[in-house]
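Source file run-v6.cif; content: mmCIF, C-alpha atoms.
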data_coords
#
loop_
_atom_site.label_atom_id
_atom_site.label_comp_id
_atom_site.auth_asym_id
_atom_site.auth_seq_id
_atom_site.Cartn_x
_atom_site.Cartn_y
_atom_site.Cartn_z
CA MET A 998 12.60 11.81 11.54
CA ASN A 999 12.14 8.73 9.36
CA ARG A 1000 8.93 9.04 7.31
CA SER A 1001 8.10 5.37 7.18
CA ALA A 1002 8.88 4.96 10.90
CA ARG A 1003 6.46 7.74 11.77
CA ALA A 1004 3.82 6.20 9.50
CA LEU A 1005 4.37 2.82 11.18
CA LYS A 1006 4.00 4.45 14.60
CA ILE A 1007 0.63 5.98 13.65
CA ALA A 1008 -0.62 2.87 11.83
CA SER A 1009 0.30 0.48 14.65
CA ARG A 1010 -1.51 2.61 17.23
CA MET A 1011 -4.59 2.94 15.02
CA GLU A 1012 -4.51 -0.81 14.38
CA LEU A 1013 -4.91 -1.51 18.08
CA THR A 1014 -7.46 1.29 18.56
CA SER A 1015 -9.68 0.10 15.71
CA LEU A 1016 -9.56 -3.45 17.09
CA ALA A 1017 -10.58 -2.07 20.50
CA VAL A 1018 -13.51 -0.28 18.81
CA LEU A 1019 -14.58 -3.56 17.19
CA LEU A 1020 -14.37 -5.52 20.43
CA LEU A 1021 -16.18 -2.78 22.34
CA ASN A 1022 -18.91 -2.82 19.71
CA LEU A 1023 -19.14 -6.59 20.08
CA ALA A 1024 -19.55 -6.29 23.84
CA LEU A 1025 -22.14 -3.51 23.58
CA GLY A 1026 -24.74 -5.25 21.42
CA ASN A 1027 -22.82 -5.81 18.16
CA ALA A 1028 -24.27 -2.99 16.03
CA GLN A 1029 -23.93 -4.16 12.43
CA GLN A 1030 -23.26 -0.69 11.04
CA VAL A 1031 -20.31 -0.11 13.36
CA ALA A 1032 -18.83 -3.50 12.55
CA ALA A 1033 -19.33 -3.01 8.80
CA ILE A 1034 -17.26 0.20 8.79
CA ALA A 1035 -14.75 -0.46 11.59
CA GLY A 1036 -13.95 -3.93 10.29
CA PRO A 1037 -12.54 -2.87 6.91
CA ILE A 1038 -10.72 0.05 8.54
CA HIS A 1039 -8.99 -2.32 10.94
CA GLY A 1040 -8.22 -4.64 8.02
CA CYS A 1041 -6.65 -1.80 6.03
CA LEU A 1042 -4.49 -0.79 8.98
CA TYR A 1043 -3.40 -4.39 9.57
CA LEU A 1044 -2.22 -4.72 5.96
CA LEU A 1045 -0.64 -1.26 6.03
CA VAL A 1046 1.34 -2.20 9.16
CA ILE A 1047 2.73 -5.30 7.42
CA ILE A 1048 3.66 -3.31 4.30
CA LEU A 1049 5.28 -0.48 6.30
CA THR A 1050 7.29 -2.96 8.38
CA ALA A 1051 8.49 -4.73 5.24
CA ARG A 1052 9.44 -1.38 3.68
CA ASP A 1053 11.26 0.02 6.73
CA PRO A 1054 15.02 0.12 5.99
CA ARG A 1055 15.75 -1.47 9.38
CA THR A 1056 13.51 -4.45 8.67
CA THR A 1057 14.41 -8.07 9.46
CA PRO A 1058 12.43 -11.30 8.81
CA LYS A 1059 11.63 -11.42 12.52
CA ALA A 1060 10.17 -7.91 12.49
CA ALA A 1061 8.06 -8.77 9.47
CA ALA A 1062 6.81 -11.96 11.15
CA LEU A 1063 5.90 -9.96 14.28
CA ALA A 1064 3.96 -7.45 12.18
CA VAL A 1065 1.67 -10.28 11.01
CA VAL A 1066 0.43 -10.83 14.59
CA PRO A 1067 -3.18 -9.58 14.74
CA GLY A 1068 -4.01 -6.51 16.79
CA VAL A 1069 -0.64 -5.78 18.35
CA GLY A 1070 1.61 -6.82 15.46
CA GLY A 1071 2.48 -3.24 14.62
CA LEU A 1072 3.55 -2.40 18.15
CA LEU A 1073 5.62 -5.58 18.43
CA ALA A 1074 7.32 -4.94 15.11
CA ARG A 1075 8.13 -1.34 16.07
CA ARG A 1076 9.67 -2.57 19.34
CA ARG A 1077 11.90 -4.99 17.43
CA LEU A 1078 12.88 -2.42 14.80
CA ASP A 1079 13.75 0.15 17.47
CA ALA A 1080 15.72 -2.44 19.44
CA SER A 1081 17.76 -3.61 16.44
CA THR A 1082 19.27 -0.28 15.39
CA GLY A 1083 18.01 2.30 17.87
CA PRO A 1084 14.79 4.31 17.52
CA ALA A 1085 14.28 6.12 14.22
CA VAL A 1086 11.60 8.16 15.99
CA PRO A 1087 12.74 9.76 19.28
CA SER A 1088 10.41 8.62 22.05
CA PRO A 1089 10.03 10.63 25.27
CA HIS A 1090 9.67 7.64 27.59
CA LEU A 1091 12.84 6.03 26.21
CA GLU A 1092 14.84 9.17 26.89
CA THR A 1093 13.60 9.45 30.48
CA SER A 1094 14.44 5.80 31.17
CA ARG A 1095 17.98 6.45 29.86
CA GLN A 1096 18.24 9.41 32.23
CA ASN A 1097 17.06 7.32 35.19
CA SER A 1098 19.46 4.40 34.62
CA MET B 1314 -24.14 0.49 4.78
CA THR B 1315 -23.51 -1.36 1.52
CA LYS B 1316 -23.73 1.91 -0.40
CA ALA B 1317 -21.30 3.55 2.02
CA LEU B 1318 -18.80 0.70 1.60
CA LEU B 1319 -19.14 0.81 -2.19
CA ALA B 1320 -18.64 4.58 -2.18
CA LEU B 1321 -15.50 4.20 -0.04
CA HIS B 1322 -14.21 1.45 -2.36
CA VAL B 1323 -14.65 3.64 -5.45
CA LEU B 1324 -13.24 6.72 -3.70
CA ALA B 1325 -10.19 4.75 -2.57
CA ALA B 1326 -9.69 3.44 -6.12
CA ILE B 1327 -9.84 6.92 -7.63
CA ILE B 1328 -7.59 8.47 -4.99
CA THR B 1329 -4.91 5.76 -4.99
CA VAL B 1330 -4.83 4.29 -8.50
CA GLY B 1331 -5.01 7.65 -10.27
CA PRO B 1332 -1.75 9.09 -8.94
CA VAL B 1333 0.12 5.82 -9.49
CA THR B 1334 -1.06 5.71 -13.10
CA VAL B 1335 0.03 9.29 -13.78
CA ALA B 1336 3.32 9.19 -11.87
CA ALA B 1337 4.38 5.79 -13.24
CA SER B 1338 3.55 6.89 -16.77
CA MET B 1339 5.56 10.10 -16.39
CA PHE B 1340 8.54 8.26 -14.86
CA PRO B 1341 10.28 7.07 -18.07
CA ALA B 1342 10.09 10.53 -19.69
CA ALA B 1343 11.48 12.14 -16.52
CA VAL B 1344 14.41 9.67 -16.56
CA ARG B 1345 15.16 10.50 -20.19
CA ALA B 1346 15.06 14.23 -19.35
CA GLY B 1347 17.51 13.50 -16.53
CA ASN B 1348 15.87 15.45 -13.67
CA PRO B 1349 16.72 13.55 -10.44
CA ALA B 1350 14.46 15.62 -8.14
CA GLN B 1351 11.44 15.06 -10.38
CA ILE B 1352 12.23 11.35 -10.74
CA ARG B 1353 12.42 11.02 -6.96
CA VAL B 1354 9.04 12.73 -6.47
CA LEU B 1355 7.38 10.52 -9.07
CA HIS B 1356 8.79 7.37 -7.44
CA ARG B 1357 7.67 8.57 -4.01
CA ILE B 1358 4.13 9.16 -5.30
CA CYS B 1359 4.04 5.62 -6.70
CA ASN B 1360 5.37 4.15 -3.44
CA VAL B 1361 3.06 5.98 -1.03
CA TYR B 1362 -0.15 5.61 -3.03
CA ALA B 1363 0.59 1.96 -3.80
CA ALA B 1364 0.74 1.27 -0.06
CA VAL B 1365 -2.48 3.19 0.67
CA ALA B 1366 -4.14 1.26 -2.18
CA VAL B 1367 -4.64 -1.73 0.16
CA ALA B 1368 -7.86 0.07 1.08
CA VAL B 1369 -9.31 -0.66 -2.37
CA PRO B 1370 -9.54 -4.48 -2.16
CA VAL B 1371 -10.36 -4.33 1.57
CA PHE B 1372 -13.44 -2.18 1.00
CA GLY B 1373 -14.12 -4.14 -2.18
CA PHE B 1374 -14.35 -7.43 -0.32
CA ALA B 1375 -16.46 -5.77 2.38
CA THR B 1376 -18.91 -4.48 -0.24
CA ALA B 1377 -18.99 -7.77 -2.15
CA GLY B 1378 -19.64 -9.67 1.07
CA MET B 1379 -22.58 -7.45 1.89
CA LEU B 1380 -23.99 -7.86 -1.64
CA HIS B 1381 -23.41 -11.64 -1.60
CA VAL B 1382 -21.64 -11.52 -4.96
CA LEU B 1383 -18.34 -13.05 -3.90
CA GLY B 1384 -18.80 -16.14 -6.09
CA THR B 1385 -19.77 -14.41 -9.32
CA PRO B 1386 -17.51 -14.94 -12.37
CA TRP B 1387 -17.03 -11.23 -13.11
CA LEU B 1388 -15.85 -10.59 -9.57
CA ILE B 1389 -13.55 -13.61 -9.49
CA ALA B 1390 -12.04 -12.45 -12.79
CA SER B 1391 -11.68 -8.91 -11.37
CA ILE B 1392 -9.96 -10.23 -8.24
CA CYS B 1393 -7.52 -12.28 -10.37
CA LEU B 1394 -6.70 -9.32 -12.62
CA THR B 1395 -6.30 -7.02 -9.61
CA SER B 1396 -3.95 -9.49 -7.93
CA ILE B 1397 -1.81 -9.64 -11.07
CA ALA B 1398 -1.81 -5.83 -11.26
CA ALA B 1399 -0.74 -5.57 -7.62
CA LEU B 1400 2.04 -8.08 -8.28
CA VAL B 1401 3.24 -6.19 -11.36
CA LEU B 1402 3.23 -2.94 -9.40
CA GLY B 1403 4.87 -4.21 -6.23
CA ALA B 1404 7.31 -6.78 -7.60
CA VAL B 1405 8.25 -5.27 -10.99
CA ILE B 1406 7.45 -1.57 -11.40
CA LEU B 1407 8.39 -0.17 -7.98
CA PRO B 1408 11.71 -2.09 -7.66
CA ALA B 1409 12.65 -1.18 -11.25
CA GLN B 1410 11.92 2.49 -10.55
CA ASP B 1411 14.04 2.25 -7.40
CA ARG B 1412 16.94 0.67 -9.30
CA ILE B 1413 16.80 3.29 -12.06
CA LEU B 1414 16.57 6.07 -9.49
CA ARG B 1415 19.83 4.87 -7.90
CA THR B 1416 21.72 4.70 -11.20
CA VAL B 1417 20.52 8.11 -12.40
CA GLY B 1418 22.49 9.75 -9.61
CA GLU B 1419 25.73 8.09 -10.75
CA PRO B 1420 27.35 9.15 -14.07
CA ASP B 1421 27.03 6.54 -16.83
CA ALA B 1422 30.04 4.28 -17.37
CA GLY B 1423 30.18 4.25 -21.17
CA ASP B 1424 27.87 3.19 -24.01
CA THR B 1425 26.98 -0.31 -22.75
CA ALA B 1426 25.61 1.12 -19.51
CA ALA B 1427 23.56 3.67 -21.46
CA ASP B 1428 22.17 0.91 -23.73
CA SER B 1429 21.20 -1.40 -20.88
CA GLY B 1430 19.69 1.64 -19.13
CA ARG B 1431 17.50 2.32 -22.18
CA ALA B 1432 16.44 -1.35 -22.29
CA THR B 1433 15.53 -1.28 -18.59
CA LEU B 1434 13.54 1.90 -19.11
CA SER B 1435 11.68 0.40 -22.08
CA ARG B 1436 10.83 -2.68 -20.04
CA LEU B 1437 9.62 -0.47 -17.18
CA ALA B 1438 7.43 1.52 -19.57
CA MET B 1439 5.99 -1.73 -20.94
CA CYS B 1440 5.20 -3.07 -17.45
CA THR B 1441 3.60 0.25 -16.51
CA GLY B 1442 1.40 -0.03 -19.58
CA ILE B 1443 0.44 -3.59 -18.62
CA PHE B 1444 -0.45 -2.40 -15.09
CA ASN B 1445 -2.69 0.34 -16.54
CA LEU B 1446 -4.42 -2.11 -18.90
CA LEU B 1447 -5.09 -4.49 -16.00
CA TRP B 1448 -6.77 -1.98 -13.69
CA ALA B 1449 -8.70 -0.45 -16.59
CA SER B 1450 -10.03 -3.92 -17.47
CA VAL B 1451 -11.11 -4.45 -13.87
CA THR B 1452 -12.98 -1.13 -13.92
CA VAL B 1453 -14.84 -2.10 -17.09
CA LEU B 1454 -15.65 -5.56 -15.69
CA MET B 1455 -17.09 -4.04 -12.54
CA ILE B 1456 -19.33 -1.71 -14.55
CA LEU B 1457 -20.50 -4.21 -17.14
CA ARG B 1458 -20.59 -7.19 -14.75
CA PRO B 1459 -21.12 -9.79 -17.54
CA GLY B 1460 -23.41 -12.61 -16.42
CA SER B 1461 -24.62 -10.76 -13.33
CA THR B 1462 -28.24 -11.00 -12.21
CA THR B 1463 -28.00 -8.43 -9.43
CA GLY B 1464 -28.47 -4.70 -9.71
CA VAL B 1465 -26.57 -2.40 -7.37
#
Could I get this structure in the form of structure tokens?
Amino acid sequence: MNRSARALKIASRMELTSLAVLLLNLALGNAQQVAAIAGPIHGCLYLLVIILTARDPRTTPKAAALAVVPGVGGLLARRRLDASTGPAVPSPHLETSRQNS
Amino acid sequence: MTKALLALHVLAAIITVGPVTVAASMFPAAVRAGNPAQIRVLHRICNVYAAVAVAVPVFGFATAGMLHVLGTPWLIASICLTSIAALVLGAVILPAQDRILRTVGEPDAGDTAADSGRATLSRLAMCTGIFNLLWASVTVLMILRPGSTTGV
């Protein structure tokens, strides 16, 4: 299993989760403490996703551009990287769809 | 909350910059000793911790925003020096380490290759030293904070 691909998988999911936490906090009264901690965490993950996409050996300019998209950039970039040369990380739902078709 | 963000910023700096400093400094000696496994580990440490080090400026900006010190001269100087350090690390040190790591595996093709290899290694050692000076300067600036009127 490709190390950087696994890291990108985790980081992209956490990127979206942390954004969801921020938006949820905003909807539920906008507690300043939650925003002050969750904000930088989401920011770190966003930057990490861009760096990991740029460092992935399968990377293309398009994948890197997709990674810059806020919130879902990591997931979009992973989709493109997996599509270009096949998944570096075996994914259960991909295998079942191959079995069905 | 400000104290928590500052603590996280300092923790992130210690955890990420420390290993890069040590591993990058040990890299040239490991190349001269000719131990490929060790060289690979040192390069991997530099790579991984350099990526995680994005947390340092992120929490730094968060803390500075809370303290309303974003316009102060010492912080602007620190941000400039940190940006240069990040550039030196990402655009000079890490690619040079990667290049040297590739050529260590292959046997040297005569004296000229060995000489240019030594020159590359010396340049890498110099850039590593510059990187260390830069982040050390930032640390001192952030402690002394010349011209600051705030106390944290």
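For the choices A:Ile1034, A:Cys1041, A:Leu1078, A:Leu1063, the atom-to-atom distance to Met1379 of chain B is smallest for A:Ile1034 when using all atoms listed in the file.
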Pull out every residue of chain B that has at least one atom within 9 Å of chain A, counting all atoms listed in the file, and report them as a PDB file with C-alpha atoms, in the frame of the given file.
ATOM      1  CA  MET B1314     -24.140   0.490   4.780  1.00  0.00           C
ATOM      2  CA  THR B1315     -23.510  -1.360   1.520  1.00  0.00           C
ATOM      3  CA  ALA B1317     -21.300   3.550   2.020  1.00  0.00           C
ATOM      4  CA  LEU B1318     -18.800   0.700   1.600  1.00  0.00           C
ATOM      5  CA  ALA B1364       0.740   1.270  -0.060  1.00  0.00           C
ATOM      6  CA  VAL B1365      -2.480   3.190   0.670  1.00  0.00           C
ATOM      7  CA  VAL B1367      -4.640  -1.730   0.160  1.00  0.00           C
ATOM      8  CA  ALA B1368      -7.860   0.070   1.080  1.00  0.00           C
ATOM      9  CA  VAL B1369      -9.310  -0.660  -2.370  1.00  0.00           C
ATOM     10  CA  VAL B1371     -10.360  -4.330   1.570  1.00  0.00           C
ATOM     11  CA  PHE B1372     -13.440  -2.180   1.000  1.00  0.00           C
ATOM     12  CA  PHE B1374     -14.350  -7.430  -0.320  1.00  0.00           C
ATOM     13  CA  ALA B1375     -16.460  -5.770   2.380  1.00  0.00           C
ATOM     14  CA  MET B1379     -22.580  -7.450   1.890  1.00  0.00           C
TER      15      MET B1379
END
Requested in this report: Would you mind reading off the distance between atom CA of Gly1070 of chain A and atom CA of Asn1022 of chain A, one decimal, in Å?
Outcome: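 It comes out at 21.3 Å.
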Judged by all atoms listed in the file, the minimum distance to Gly1347 of chain B among B:Ile1327, B:Leu1414, B:Gly1460, B:Ser1429 is found for B:Leu1414
Please, which residues are within 10 Å of (-2.9, 3.8, -11.3) by the file's coordinates, counting all atoms listed in the file, and could they come as a compact mmCIF listing (two decimals) with C-alpha atoms, in the coordinates of the input?
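part_15.txt, written as the output of this step:
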# COMPACT_ATOMS: atom_id res chain seq x y z
CA ALA B 1326 -9.69 3.44 -6.12
CA ILE B 1327 -9.84 6.92 -7.63
CA ILE B 1328 -7.59 8.47 -4.99
CA THR B 1329 -4.91 5.76 -4.99
CA VAL B 1330 -4.83 4.29 -8.50
CA GLY B 1331 -5.01 7.65 -10.27
CA PRO B 1332 -1.75 9.09 -8.94
CA VAL B 1333 0.12 5.82 -9.49
CA THR B 1334 -1.06 5.71 -13.10
CA VAL B 1335 0.03 9.29 -13.78
CA ALA B 1336 3.32 9.19 -11.87
CA ALA B 1337 4.38 5.79 -13.24
CA SER B 1338 3.55 6.89 -16.77
CA CYS B 1359 4.04 5.62 -6.70
CA TYR B 1362 -0.15 5.61 -3.03
CA ALA B 1363 0.59 1.96 -3.80
CA ALA B 1366 -4.14 1.26 -2.18
CA ALA B 1398 -1.81 -5.83 -11.26
CA LEU B 1402 3.23 -2.94 -9.40
CA THR B 1441 3.60 0.25 -16.51
CA PHE B 1444 -0.45 -2.40 -15.09
CA ASN B 1445 -2.69 0.34 -16.54
CA LEU B 1446 -4.42 -2.11 -18.90
CA LEU B 1447 -5.09 -4.49 -16.00
CA TRP B 1448 -6.77 -1.98 -13.69
CA ALA B 1449 -8.70 -0.45 -16.59
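As for atom CA of Ser1009 of chain A and atom CA of Pro1408 of chain B, they are spaced 25.2 Å apart.
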If we count all atoms listed in the file and set the cut-off at 12 Å, which residues sit around Thr1082 of chain A, ignoring sequence neighbours fewer than 6 positions away in its own chain? Please answer as a ChimeraX atom specification. /A:1053-1057,1075-1076
